[in-house]
file coords07.cif (mmCIF, N, CA and C atoms)
data_run
loop_
_atom_site.group_PDB
_atom_site.id
_atom_site.type_symbol
_atom_site.label_atom_id
_atom_site.label_comp_id
_atom_site.auth_asym_id
_atom_site.auth_seq_id
_atom_site.Cartn_x
_atom_site.Cartn_y
_atom_site.Cartn_z
ATOM 1 N N MET K 231 163.124 39.380 103.596
ATOM 2 C CA MET K 231 163.348 40.095 102.359
ATOM 3 C C MET K 231 162.205 41.082 102.153
ATOM 4 N N ALA K 232 162.543 42.310 101.841
ATOM 5 C CA ALA K 232 161.528 43.335 101.633
ATOM 6 C C ALA K 232 160.794 43.094 100.321
ATOM 7 N N GLN K 233 159.524 43.365 100.349
ATOM 8 C CA GLN K 233 158.722 43.230 99.136
ATOM 9 C C GLN K 233 158.428 44.611 98.589
ATOM 10 N N VAL K 234 158.441 44.720 97.271
ATOM 11 C CA VAL K 234 158.121 45.977 96.605
ATOM 12 C C VAL K 234 157.015 45.696 95.594
ATOM 13 N N SER K 235 156.355 46.737 95.178
ATOM 14 C CA SER K 235 155.316 46.555 94.168
ATOM 15 C C SER K 235 155.892 46.891 92.802
ATOM 16 N N MET K 236 155.208 46.410 91.772
ATOM 17 C CA MET K 236 155.632 46.635 90.405
ATOM 18 C C MET K 236 154.380 46.861 89.572
ATOM 19 N N THR K 237 154.458 47.782 88.644
ATOM 20 C CA THR K 237 153.340 48.029 87.740
ATOM 21 C C THR K 237 153.691 47.488 86.371
ATOM 22 N N VAL K 238 152.772 46.752 85.793
ATOM 23 C CA VAL K 238 152.964 46.208 84.447
ATOM 24 C C VAL K 238 151.840 46.738 83.579
ATOM 25 N N ARG K 239 152.202 47.316 82.456
ATOM 26 C CA ARG K 239 151.201 47.820 81.521
ATOM 27 C C ARG K 239 151.011 46.799 80.413
ATOM 28 N N MET K 240 149.742 46.516 80.116
ATOM 29 C CA MET K 240 149.438 45.600 79.018
ATOM 30 C C MET K 240 148.060 45.914 78.469
ATOM 31 N N ASP K 241 147.834 45.432 77.282
ATOM 32 C CA ASP K 241 146.553 45.600 76.615
ATOM 33 C C ASP K 241 145.447 45.009 77.493
ATOM 34 N N SER K 242 144.290 45.645 77.520
ATOM 35 C CA SER K 242 143.202 45.197 78.398
ATOM 36 C C SER K 242 142.728 43.792 78.042
ATOM 37 N N GLN K 243 142.713 43.449 76.761
ATOM 38 C CA GLN K 243 142.295 42.100 76.357
ATOM 39 C C GLN K 243 143.322 41.069 76.814
ATOM 40 N N LEU K 244 144.609 41.403 76.697
ATOM 41 C CA LEU K 244 145.661 40.507 77.176
ATOM 42 C C LEU K 244 145.522 40.291 78.671
ATOM 43 N N LYS K 245 145.280 41.366 79.422
ATOM 44 C CA LYS K 245 145.107 41.242 80.877
ATOM 45 C C LYS K 245 143.928 40.352 81.219
ATOM 46 N N GLN K 246 142.831 40.540 80.526
ATOM 47 C CA GLN K 246 141.639 39.716 80.773
ATOM 48 C C GLN K 246 141.949 38.243 80.502
ATOM 49 N N ASN K 247 142.630 37.963 79.398
ATOM 50 C CA ASN K 247 142.990 36.581 79.070
ATOM 51 C C ASN K 247 143.974 36.007 80.085
ATOM 52 N N PHE K 248 144.955 36.829 80.491
ATOM 53 C CA PHE K 248 145.948 36.391 81.473
ATOM 54 C C PHE K 248 145.282 36.088 82.812
ATOM 55 N N ASP K 249 144.391 36.967 83.253
ATOM 56 C CA ASP K 249 143.652 36.733 84.497
ATOM 57 C C ASP K 249 142.894 35.412 84.436
ATOM 58 N N ALA K 250 142.233 35.178 83.313
ATOM 59 C CA ALA K 250 141.436 33.960 83.162
ATOM 60 C C ALA K 250 142.316 32.714 83.172
ATOM 61 N N LEU K 251 143.451 32.772 82.474
ATOM 62 C CA LEU K 251 144.355 31.615 82.462
ATOM 63 C C LEU K 251 144.947 31.348 83.834
ATOM 64 N N CYS K 252 145.347 32.404 84.523
ATOM 65 C CA CYS K 252 145.890 32.217 85.872
ATOM 66 C C CYS K 252 144.841 31.578 86.778
ATOM 67 N N ALA K 253 143.615 32.046 86.680
ATOM 68 C CA ALA K 253 142.530 31.473 87.481
ATOM 69 C C ALA K 253 142.333 30.002 87.134
ATOM 70 N N ARG K 254 142.403 29.679 85.856
ATOM 71 C CA ARG K 254 142.236 28.279 85.429
ATOM 72 C C ARG K 254 143.346 27.411 85.990
ATOM 73 N N MET K 255 144.548 27.996 86.107
ATOM 74 C CA MET K 255 145.679 27.256 86.651
ATOM 75 C C MET K 255 145.696 27.282 88.175
ATOM 76 N N GLY K 256 144.727 27.978 88.769
ATOM 77 C CA GLY K 256 144.603 27.974 90.222
ATOM 78 C C GLY K 256 145.555 28.906 90.938
ATOM 79 N N MET K 257 145.964 29.975 90.275
ATOM 80 C CA MET K 257 146.870 30.913 90.937
ATOM 81 C C MET K 257 146.496 32.339 90.602
ATOM 82 N N SER K 258 146.976 33.237 91.406
ATOM 83 C CA SER K 258 146.750 34.653 91.151
ATOM 84 C C SER K 258 147.732 35.147 90.099
ATOM 85 N N VAL K 259 147.424 36.281 89.516
ATOM 86 C CA VAL K 259 148.345 36.911 88.565
ATOM 87 C C VAL K 259 149.655 37.235 89.284
ATOM 88 N N ASN K 260 149.573 37.730 90.499
ATOM 89 C CA ASN K 260 150.763 38.046 91.276
ATOM 90 C C ASN K 260 151.643 36.816 91.459
ATOM 91 N N ALA K 261 151.044 35.689 91.804
ATOM 92 C CA ALA K 261 151.819 34.456 91.983
ATOM 93 C C ALA K 261 152.466 34.031 90.671
ATOM 94 N N ALA K 262 151.731 34.117 89.569
ATOM 95 C CA ALA K 262 152.274 33.729 88.265
ATOM 96 C C ALA K 262 153.474 34.589 87.891
ATOM 97 N N ILE K 263 153.382 35.880 88.110
ATOM 98 C CA ILE K 263 154.486 36.779 87.764
ATOM 99 C C ILE K 263 155.685 36.522 88.673
ATOM 100 N N ASN K 264 155.447 36.249 89.955
ATOM 101 C CA ASN K 264 156.553 35.932 90.861
ATOM 102 C C ASN K 264 157.233 34.619 90.475
ATOM 103 N N ILE K 265 156.460 33.611 90.102
ATOM 104 C CA ILE K 265 157.034 32.338 89.656
ATOM 105 C C ILE K 265 157.891 32.576 88.421
ATOM 106 N N PHE K 266 157.347 33.344 87.474
ATOM 107 C CA PHE K 266 158.066 33.658 86.248
ATOM 108 C C PHE K 266 159.376 34.382 86.551
ATOM 109 N N ALA K 267 159.312 35.428 87.370
ATOM 110 C CA ALA K 267 160.508 36.220 87.672
ATOM 111 C C ALA K 267 161.570 35.378 88.374
ATOM 112 N N ASN K 268 161.169 34.557 89.335
ATOM 113 C CA ASN K 268 162.131 33.684 90.014
ATOM 114 C C ASN K 268 162.783 32.707 89.055
ATOM 115 N N ALA K 269 161.999 32.122 88.155
ATOM 116 C CA ALA K 269 162.542 31.169 87.195
ATOM 117 C C ALA K 269 163.509 31.842 86.224
ATOM 118 N N VAL K 270 163.162 33.037 85.757
ATOM 119 C CA VAL K 270 164.033 33.758 84.830
ATOM 120 C C VAL K 270 165.356 34.102 85.512
ATOM 121 N N VAL K 271 165.306 34.596 86.733
ATOM 122 C CA VAL K 271 166.531 34.942 87.462
ATOM 123 C C VAL K 271 167.367 33.691 87.703
ATOM 124 N N ARG K 272 166.730 32.612 88.127
ATOM 125 C CA ARG K 272 167.454 31.383 88.450
ATOM 126 C C ARG K 272 168.142 30.794 87.224
ATOM 127 N N THR K 273 167.457 30.781 86.067
ATOM 128 C CA THR K 273 168.004 30.136 84.868
ATOM 129 C C THR K 273 168.651 31.109 83.891
ATOM 130 N N ARG K 274 168.432 32.416 84.134
ATOM 131 C CA ARG K 274 168.920 33.458 83.229
ATOM 132 C C ARG K 274 168.394 33.269 81.814
ATOM 133 N N SER K 275 167.165 32.776 81.738
ATOM 134 C CA SER K 275 166.482 32.576 80.456
ATOM 135 C C SER K 275 164.998 32.372 80.730
ATOM 136 N N ILE K 276 164.220 32.292 79.666
ATOM 137 C CA ILE K 276 162.814 31.908 79.826
ATOM 138 C C ILE K 276 162.840 30.378 79.887
ATOM 139 N N PRO K 277 162.707 29.811 81.089
ATOM 140 C CA PRO K 277 163.029 28.396 81.285
ATOM 141 C C PRO K 277 161.882 27.411 81.090
ATOM 142 N N PHE K 278 160.742 27.870 80.630
ATOM 143 C CA PHE K 278 159.643 26.926 80.504
ATOM 144 C C PHE K 278 158.745 27.302 79.350
ATOM 145 N N LYS K 279 158.056 26.318 78.846
ATOM 146 C CA LYS K 279 157.074 26.529 77.797
ATOM 147 C C LYS K 279 155.770 26.932 78.463
ATOM 148 N N ILE K 280 155.145 27.940 77.951
ATOM 149 C CA ILE K 280 153.876 28.400 78.499
ATOM 150 C C ILE K 280 152.776 27.856 77.606
ATOM 151 N N SER K 281 151.840 27.126 78.202
ATOM 152 C CA SER K 281 150.812 26.473 77.397
ATOM 153 C C SER K 281 149.510 26.368 78.166
ATOM 154 N N ALA K 282 148.404 26.461 77.447
ATOM 155 C CA ALA K 282 147.093 26.270 78.054
ATOM 156 C C ALA K 282 146.395 25.063 77.440
ATOM 157 N N ASN K 283 147.112 24.292 76.650
ATOM 158 C CA ASN K 283 146.550 23.096 76.023
ATOM 159 C C ASN K 283 146.770 21.917 76.961
ATOM 160 N N TYR K 284 145.778 21.636 77.787
ATOM 161 C CA TYR K 284 145.906 20.609 78.799
ATOM 162 C C TYR K 284 145.427 19.267 78.284
ATOM 163 N N THR K 285 146.143 18.227 78.680
ATOM 164 C CA THR K 285 145.667 16.877 78.446
ATOM 165 C C THR K 285 144.823 16.476 79.650
ATOM 166 N N GLU K 286 144.155 15.373 79.536
ATOM 167 C CA GLU K 286 143.340 14.888 80.655
ATOM 168 C C GLU K 286 144.205 14.636 81.882
ATOM 169 N N VAL K 287 145.408 14.092 81.671
ATOM 170 C CA VAL K 287 146.326 13.826 82.786
ATOM 171 C C VAL K 287 146.743 15.131 83.452
ATOM 172 N N GLU K 288 147.035 16.160 82.641
ATOM 173 C CA GLU K 288 147.423 17.447 83.203
ATOM 174 C C GLU K 288 146.262 18.088 83.957
ATOM 175 N N ASP K 289 145.038 17.958 83.428
ATOM 176 C CA ASP K 289 143.871 18.478 84.139
ATOM 177 C C ASP K 289 143.726 17.798 85.491
ATOM 178 N N GLN K 290 143.932 16.478 85.531
ATOM 179 C CA GLN K 290 143.861 15.748 86.799
ATOM 180 C C GLN K 290 144.958 16.218 87.746
ATOM 181 N N ALA K 291 146.157 16.435 87.223
ATOM 182 C CA ALA K 291 147.261 16.914 88.056
ATOM 183 C C ALA K 291 146.939 18.287 88.637
ATOM 184 N N LEU K 292 146.333 19.162 87.828
ATOM 185 C CA LEU K 292 145.944 20.480 88.333
ATOM 186 C C LEU K 292 144.894 20.366 89.427
ATOM 187 N N ARG K 293 143.910 19.479 89.234
ATOM 188 C CA ARG K 293 142.887 19.283 90.266
ATOM 189 C C ARG K 293 143.528 18.781 91.560
ATOM 190 N N GLU K 294 144.456 17.820 91.450
ATOM 191 C CA GLU K 294 145.119 17.289 92.632
ATOM 192 C C GLU K 294 145.980 18.355 93.312
ATOM 193 N N PHE K 295 146.658 19.179 92.504
ATOM 194 C CA PHE K 295 147.459 20.266 93.064
ATOM 195 C C PHE K 295 146.577 21.232 93.834
ATOM 196 N N ARG K 296 145.440 21.601 93.245
ATOM 197 C CA ARG K 296 144.528 22.536 93.919
ATOM 198 C C ARG K 296 144.002 21.946 95.221
ATOM 199 N N GLU K 297 143.656 20.648 95.210
ATOM 200 C CA GLU K 297 143.190 19.991 96.433
ATOM 201 C C GLU K 297 144.287 20.021 97.502
ATOM 202 N N PHE K 298 145.523 19.718 97.091
ATOM 203 C CA PHE K 298 146.645 19.726 98.021
ATOM 204 C C PHE K 298 146.867 21.128 98.579
ATOM 205 N N ARG K 299 146.826 22.133 97.679
ATOM 206 C CA ARG K 299 147.035 23.518 98.105
ATOM 207 C C ARG K 299 145.949 23.934 99.092
ATOM 208 N N ASN K 300 144.701 23.562 98.842
ATOM 209 C CA ASN K 300 143.608 23.892 99.759
ATOM 210 C C ASN K 300 143.781 23.188 101.102
ATOM 211 N N MET K 301 144.249 21.941 101.058
ATOM 212 C CA MET K 301 144.486 21.188 102.285
ATOM 213 C C MET K 301 145.583 21.867 103.116
ATOM 214 N N VAL K 302 146.662 22.279 102.448
ATOM 215 C CA VAL K 302 147.758 22.944 103.153
ATOM 216 C C VAL K 302 147.290 24.283 103.708
ATOM 217 N N ALA K 303 146.512 25.026 102.930
ATOM 218 C CA ALA K 303 146.020 26.331 103.387
ATOM 219 C C ALA K 303 145.134 26.181 104.618
ATOM 220 N N ALA K 304 144.401 25.073 104.698
ATOM 221 C CA ALA K 304 143.502 24.854 105.825
ATOM 222 C C ALA K 304 144.236 24.315 107.053
ATOM 223 N N SER K 305 145.480 23.888 106.877
ATOM 224 C CA SER K 305 146.233 23.321 108.002
ATOM 225 C C SER K 305 147.130 24.382 108.619
ATOM 226 N N ASP K 306 147.851 23.968 109.637
ATOM 227 C CA ASP K 306 148.799 24.864 110.296
ATOM 228 C C ASP K 306 150.212 24.685 109.757
ATOM 229 N N ARG K 307 150.339 23.923 108.648
ATOM 230 C CA ARG K 307 151.667 23.699 108.066
ATOM 231 C C ARG K 307 152.231 24.996 107.516
ATOM 232 N N PRO K 308 153.535 25.193 107.650
ATOM 233 C CA PRO K 308 154.147 26.383 107.034
ATOM 234 C C PRO K 308 154.154 26.235 105.516
ATOM 235 N N GLU K 309 154.293 27.353 104.818
ATOM 236 C CA GLU K 309 154.334 27.323 103.362
ATOM 237 C C GLU K 309 155.548 26.534 102.897
ATOM 238 N N LEU K 310 155.439 25.924 101.711
ATOM 239 C CA LEU K 310 156.546 25.169 101.142
ATOM 240 C C LEU K 310 157.613 26.119 100.620
ATOM 241 N N THR K 311 158.862 25.674 100.706
ATOM 242 C CA THR K 311 159.946 26.442 100.108
ATOM 243 C C THR K 311 159.964 26.158 98.608
ATOM 244 N N LEU K 312 160.707 26.952 97.848
ATOM 245 C CA LEU K 312 160.823 26.740 96.412
ATOM 246 C C LEU K 312 161.443 25.372 96.127
ATOM 247 N N ASP K 313 162.427 24.966 96.919
ATOM 248 C CA ASP K 313 163.037 23.641 96.739
ATOM 249 C C ASP K 313 162.019 22.528 96.977
ATOM 250 N N GLU K 314 161.171 22.691 97.989
ATOM 251 C CA GLU K 314 160.136 21.684 98.259
ATOM 252 C C GLU K 314 159.117 21.636 97.124
ATOM 253 N N ILE K 315 158.750 22.785 96.596
ATOM 254 C CA ILE K 315 157.814 22.832 95.471
ATOM 255 C C ILE K 315 158.428 22.154 94.257
ATOM 256 N N ASN K 316 159.699 22.462 93.967
ATOM 257 C CA ASN K 316 160.371 21.841 92.832
ATOM 258 C C ASN K 316 160.455 20.324 92.987
ATOM 259 N N GLU K 317 160.685 19.847 94.201
ATOM 260 C CA GLU K 317 160.728 18.405 94.447
ATOM 261 C C GLU K 317 159.357 17.775 94.215
ATOM 262 N N GLU K 318 158.290 18.438 94.666
ATOM 263 C CA GLU K 318 156.931 17.944 94.416
ATOM 264 C C GLU K 318 156.664 17.864 92.909
ATOM 265 N N ILE K 319 157.088 18.875 92.183
ATOM 266 C CA ILE K 319 156.890 18.888 90.723
ATOM 267 C C ILE K 319 157.676 17.751 90.085
ATOM 268 N N ARG K 320 158.930 17.559 90.515
ATOM 269 C CA ARG K 320 159.754 16.475 89.965
ATOM 270 C C ARG K 320 159.097 15.118 90.202
ATOM 271 N N LEU K 321 158.606 14.897 91.401
ATOM 272 C CA LEU K 321 157.951 13.629 91.715
ATOM 273 C C LEU K 321 156.672 13.440 90.903
ATOM 274 N N ALA K 322 155.906 14.510 90.730
ATOM 275 C CA ALA K 322 154.680 14.423 89.937
ATOM 276 C C ALA K 322 155.000 14.099 88.480
ATOM 277 N N ARG K 323 156.060 14.704 87.943
ATOM 278 C CA ARG K 323 156.459 14.417 86.569
ATOM 279 C C ARG K 323 156.907 12.978 86.410
ATOM 280 N N GLU K 324 157.656 12.471 87.383
ATOM 281 C CA GLU K 324 158.068 11.067 87.344
ATOM 282 C C GLU K 324 156.847 10.153 87.359
ATOM 283 N N GLU K 325 155.886 10.478 88.206
ATOM 284 C CA GLU K 325 154.665 9.680 88.302
ATOM 285 C C GLU K 325 153.887 9.706 86.987
ATOM 286 N N MET K 326 153.769 10.903 86.370
ATOM 287 C CA MET K 326 153.063 10.998 85.089
ATOM 288 C C MET K 326 153.801 10.223 84.010
ATOM 289 N N ALA K 327 155.130 10.300 84.000
ATOM 290 C CA ALA K 327 155.918 9.575 83.001
ATOM 291 C C ALA K 327 155.734 8.068 83.177
ATOM 292 N N ALA K 328 155.720 7.614 84.424
ATOM 293 C CA ALA K 328 155.519 6.196 84.687
ATOM 294 C C ALA K 328 154.125 5.740 84.223
ATOM 295 N N ARG K 329 153.103 6.585 84.492
ATOM 296 C CA ARG K 329 151.749 6.253 84.021
ATOM 297 C C ARG K 329 151.679 6.215 82.509
ATOM 298 N N ASN K 330 152.330 7.166 81.866
ATOM 299 C CA ASN K 330 152.325 7.204 80.405
ATOM 300 C C ASN K 330 153.056 6.010 79.802
ATOM 301 N N ASN K 331 154.149 5.566 80.456
ATOM 302 C CA ASN K 331 154.882 4.414 79.968
ATOM 303 C C ASN K 331 154.100 3.120 80.126
ATOM 304 N N THR K 332 153.304 3.008 81.189
ATOM 305 C CA THR K 332 152.511 1.796 81.386
ATOM 306 C C THR K 332 151.279 1.791 80.491
ATOM 307 N N ALA K 333 150.848 2.986 80.033
ATOM 308 C CA ALA K 333 149.677 3.067 79.166
ATOM 309 C C ALA K 333 150.006 2.693 77.723
ATOM 310 N N LEU K 334 151.305 2.695 77.386
ATOM 311 C CA LEU K 334 151.718 2.384 76.012
ATOM 312 C C LEU K 334 151.688 0.951 75.745
#
call {"tool": "encode", "arguments": {"input": "coords07.cif", "output": "structure tokens"}}
result
Amino acid sequence: MAQVSMTVRMDSQLKQNFDALCARMGMSVNAAINIFANAVVRTRSIPFKISANYTEVEDQALREFREFRNMVAASDRPELTLDEINEEIRLAREEMAARNNTAL
């Protein structure tokens, strides 16, 4: 599939904040926009809540994701498909839900 570039205009303060949030989430602005665009096309809506209010469990999940991503980047494994990524997310959510249920 051919890739094209896109220009997005936004307020400089918004861009600075967006860059910082993307970095905190461990991804580039380009990756965040591609994830967003794919999700919007797939669901024909804004399919997720955007939030920077992390719980301790979510912070741990982000750290584990970053470690996994670094491990994959350092290996010879091919990149994950969107379906594989979605399955990893589903499993992580199930695991977090199970931990939350046992903590109650």
call {"tool": "resolve_selection", "arguments": {"input": "coords07.cif", "expression": "the PyMOL selection byres (((chain K and resi 263 and name CA) around 12) and name CA)", "output": "PDB file with N, CA and C atoms, keeping the file's coordinate frame"}}
result
ATOM      1  N   SER K 235     156.355  46.737  95.178  1.00  0.00           N
ATOM      2  CA  SER K 235     155.316  46.555  94.168  1.00  0.00           C
ATOM      3  C   SER K 235     155.892  46.891  92.802  1.00  0.00           C
ATOM      4  N   MET K 236     155.208  46.410  91.772  1.00  0.00           N
ATOM      5  CA  MET K 236     155.632  46.635  90.405  1.00  0.00           C
ATOM      6  C   MET K 236     154.380  46.861  89.572  1.00  0.00           C
ATOM      7  N   THR K 237     154.458  47.782  88.644  1.00  0.00           N
ATOM      8  CA  THR K 237     153.340  48.029  87.740  1.00  0.00           C
ATOM      9  C   THR K 237     153.691  47.488  86.371  1.00  0.00           C
ATOM     10  N   VAL K 238     152.772  46.752  85.793  1.00  0.00           N
ATOM     11  CA  VAL K 238     152.964  46.208  84.447  1.00  0.00           C
ATOM     12  C   VAL K 238     151.840  46.738  83.579  1.00  0.00           C
ATOM     13  N   PHE K 248     144.955  36.829  80.491  1.00  0.00           N
ATOM     14  CA  PHE K 248     145.948  36.391  81.473  1.00  0.00           C
ATOM     15  C   PHE K 248     145.282  36.088  82.812  1.00  0.00           C
ATOM     16  N   ASP K 249     144.391  36.967  83.253  1.00  0.00           N
ATOM     17  CA  ASP K 249     143.652  36.733  84.497  1.00  0.00           C
ATOM     18  C   ASP K 249     142.894  35.412  84.436  1.00  0.00           C
ATOM     19  N   CYS K 252     145.347  32.404  84.523  1.00  0.00           N
ATOM     20  CA  CYS K 252     145.890  32.217  85.872  1.00  0.00           C
ATOM     21  C   CYS K 252     144.841  31.578  86.778  1.00  0.00           C
ATOM     22  N   MET K 257     145.964  29.975  90.275  1.00  0.00           N
ATOM     23  CA  MET K 257     146.870  30.913  90.937  1.00  0.00           C
ATOM     24  C   MET K 257     146.496  32.339  90.602  1.00  0.00           C
ATOM     25  N   SER K 258     146.976  33.237  91.406  1.00  0.00           N
ATOM     26  CA  SER K 258     146.750  34.653  91.151  1.00  0.00           C
ATOM     27  C   SER K 258     147.732  35.147  90.099  1.00  0.00           C
ATOM     28  N   VAL K 259     147.424  36.281  89.516  1.00  0.00           N
ATOM     29  CA  VAL K 259     148.345  36.911  88.565  1.00  0.00           C
ATOM     30  C   VAL K 259     149.655  37.235  89.284  1.00  0.00           C
ATOM     31  N   ASN K 260     149.573  37.730  90.499  1.00  0.00           N
ATOM     32  CA  ASN K 260     150.763  38.046  91.276  1.00  0.00           C
ATOM     33  C   ASN K 260     151.643  36.816  91.459  1.00  0.00           C
ATOM     34  N   ALA K 261     151.044  35.689  91.804  1.00  0.00           N
ATOM     35  CA  ALA K 261     151.819  34.456  91.983  1.00  0.00           C
ATOM     36  C   ALA K 261     152.466  34.031  90.671  1.00  0.00           C
ATOM     37  N   ALA K 262     151.731  34.117  89.569  1.00  0.00           N
ATOM     38  CA  ALA K 262     152.274  33.729  88.265  1.00  0.00           C
ATOM     39  C   ALA K 262     153.474  34.589  87.891  1.00  0.00           C
ATOM     40  N   ASN K 264     155.447  36.249  89.955  1.00  0.00           N
ATOM     41  CA  ASN K 264     156.553  35.932  90.861  1.00  0.00           C
ATOM     42  C   ASN K 264     157.233  34.619  90.475  1.00  0.00           C
ATOM     43  N   ILE K 265     156.460  33.611  90.102  1.00  0.00           N
ATOM     44  CA  ILE K 265     157.034  32.338  89.656  1.00  0.00           C
ATOM     45  C   ILE K 265     157.891  32.576  88.421  1.00  0.00           C
ATOM     46  N   PHE K 266     157.347  33.344  87.474  1.00  0.00           N
ATOM     47  CA  PHE K 266     158.066  33.658  86.248  1.00  0.00           C
ATOM     48  C   PHE K 266     159.376  34.382  86.551  1.00  0.00           C
ATOM     49  N   ALA K 267     159.312  35.428  87.370  1.00  0.00           N
ATOM     50  CA  ALA K 267     160.508  36.220  87.672  1.00  0.00           C
ATOM     51  C   ALA K 267     161.570  35.378  88.374  1.00  0.00           C
ATOM     52  N   ASN K 268     161.169  34.557  89.335  1.00  0.00           N
ATOM     53  CA  ASN K 268     162.131  33.684  90.014  1.00  0.00           C
ATOM     54  C   ASN K 268     162.783  32.707  89.055  1.00  0.00           C
ATOM     55  N   ALA K 269     161.999  32.122  88.155  1.00  0.00           N
ATOM     56  CA  ALA K 269     162.542  31.169  87.195  1.00  0.00           C
ATOM     57  C   ALA K 269     163.509  31.842  86.224  1.00  0.00           C
ATOM     58  N   VAL K 270     163.162  33.037  85.757  1.00  0.00           N
ATOM     59  CA  VAL K 270     164.033  33.758  84.830  1.00  0.00           C
ATOM     60  C   VAL K 270     165.356  34.102  85.512  1.00  0.00           C
TER      61      VAL K 270
END
call {"tool": "atom_distance", "arguments": {"input": "coords07.cif", "atom1": "CA of Thr311 in chain K", "atom2": "CA of Glu325 in chain K"}}
result
21.2 Å
call {"tool": "atom_distance", "arguments": {"input": "coords07.cif", "atom1": "CA of Glu314 in chain K", "atom2": "CA of Leu251 in chain K"}}
result
24.4 Å
call {"tool": "atom_distance", "arguments": {"input": "coords07.cif", "atom1": "atom N of Asn330 in chain K", "atom2": "CA of Val287 in chain K"}}
result
9.0 Å
call {"tool": "select_by_dssp", "arguments": {"input": "coords07.cif", "residues": "chain K", "states": "helix (DSSP H, G or I)", "output": "PyMOL selection string"}}
result
chain K and resi 242-254+259-273+286-304+312-333
call {"tool": "closest_residue", "arguments": {"input": "coords07.cif", "among": "K:Arg293, K:Ser305, K:Ala327, K:Glu318", "to": "Arg254 in chain K", "atoms": "only C-alpha atoms"}}
result
K:Arg293
call {"tool": "residues_around", "arguments": {"input": "coords07.cif", "residues": "Thr285 in chain K", "least_positions_apart": "5", "cutoff": "12 Å", "atoms": "only C-alpha atoms", "output": "list in words"}}
result
Gln290, Ala291, Leu292, Met326 and Asn330 of chain K
call {"tool": "closest_residue", "arguments": {"input": "coords07.cif", "among": "K:Glu294, K:Pro277, K:Asn331, K:Arg272", "to": "Leu312 in chain K", "atoms": "only C-alpha atoms"}}
result
K:Arg272
call {"tool": "axis_aligned_box", "arguments": {"input": "coords07.cif", "around": "range 262-277 of chain K", "padding_each_side": "8 Å", "output": "lines of an AutoDock Vina configuration file"}}
result
center_x = 160.3
center_y = 32.1
center_z = 85.3
size_x = 33.2
size_y = 25.4
size_z = 27.2
call {"tool": "decode", "arguments": {"input": "coords07.cif", "residues": "range 232-244 of chain K", "atoms": "N, CA and C atoms", "output": "CSV table (one decimal), in the first residue's frame"}}
result
chain,number,residue,atom,x,y,z
K,232,ALA,N,0.6,2.2,-0.9
K,232,ALA,CA,1.4,3.4,-1.0
K,232,ALA,C,1.1,4.3,0.2
K,233,GLN,N,2.2,4.9,0.7
K,233,GLN,CA,2.0,5.9,1.8
K,233,GLN,C,2.1,7.3,1.2
K,234,VAL,N,1.3,8.1,1.8
K,234,VAL,CA,1.3,9.6,1.4
K,234,VAL,C,1.5,10.4,2.7
K,235,SER,N,1.9,11.6,2.5
K,235,SER,CA,2.0,12.5,3.7
K,235,SER,C,0.8,13.3,3.8
K,236,MET,N,0.6,13.9,5.0
K,236,MET,CA,-0.5,14.7,5.3
K,236,MET,C,0.0,15.8,6.2
K,237,THR,N,-0.6,17.0,6.0
K,237,THR,CA,-0.2,18.2,6.9
K,237,THR,C,-1.4,18.5,7.7
K,238,VAL,N,-1.1,18.7,9.0
K,238,VAL,CA,-2.2,19.0,10.0
K,238,VAL,C,-1.8,20.3,10.6
K,239,ARG,N,-2.7,21.3,10.6
K,239,ARG,CA,-2.4,22.6,11.2
K,239,ARG,C,-3.1,22.6,12.6
K,240,MET,N,-2.3,23.1,13.6
K,240,MET,CA,-2.9,23.2,14.9
K,240,MET,C,-2.1,24.3,15.7
K,241,ASP,N,-2.7,24.7,16.7
K,241,ASP,CA,-2.1,25.7,17.6
K,241,ASP,C,-0.8,25.2,18.1
K,242,SER,N,0.2,26.0,18.3
K,242,SER,CA,1.5,25.6,18.7
K,242,SER,C,1.5,25.0,20.1
K,243,GLN,N,0.6,25.5,21.0
K,243,GLN,CA,0.5,25.0,22.4
K,243,GLN,C,-0.1,23.6,22.3
K,244,LEU,N,-1.1,23.4,21.5
K,244,LEU,CA,-1.8,22.1,21.3
K,244,LEU,C,-0.8,21.1,20.8
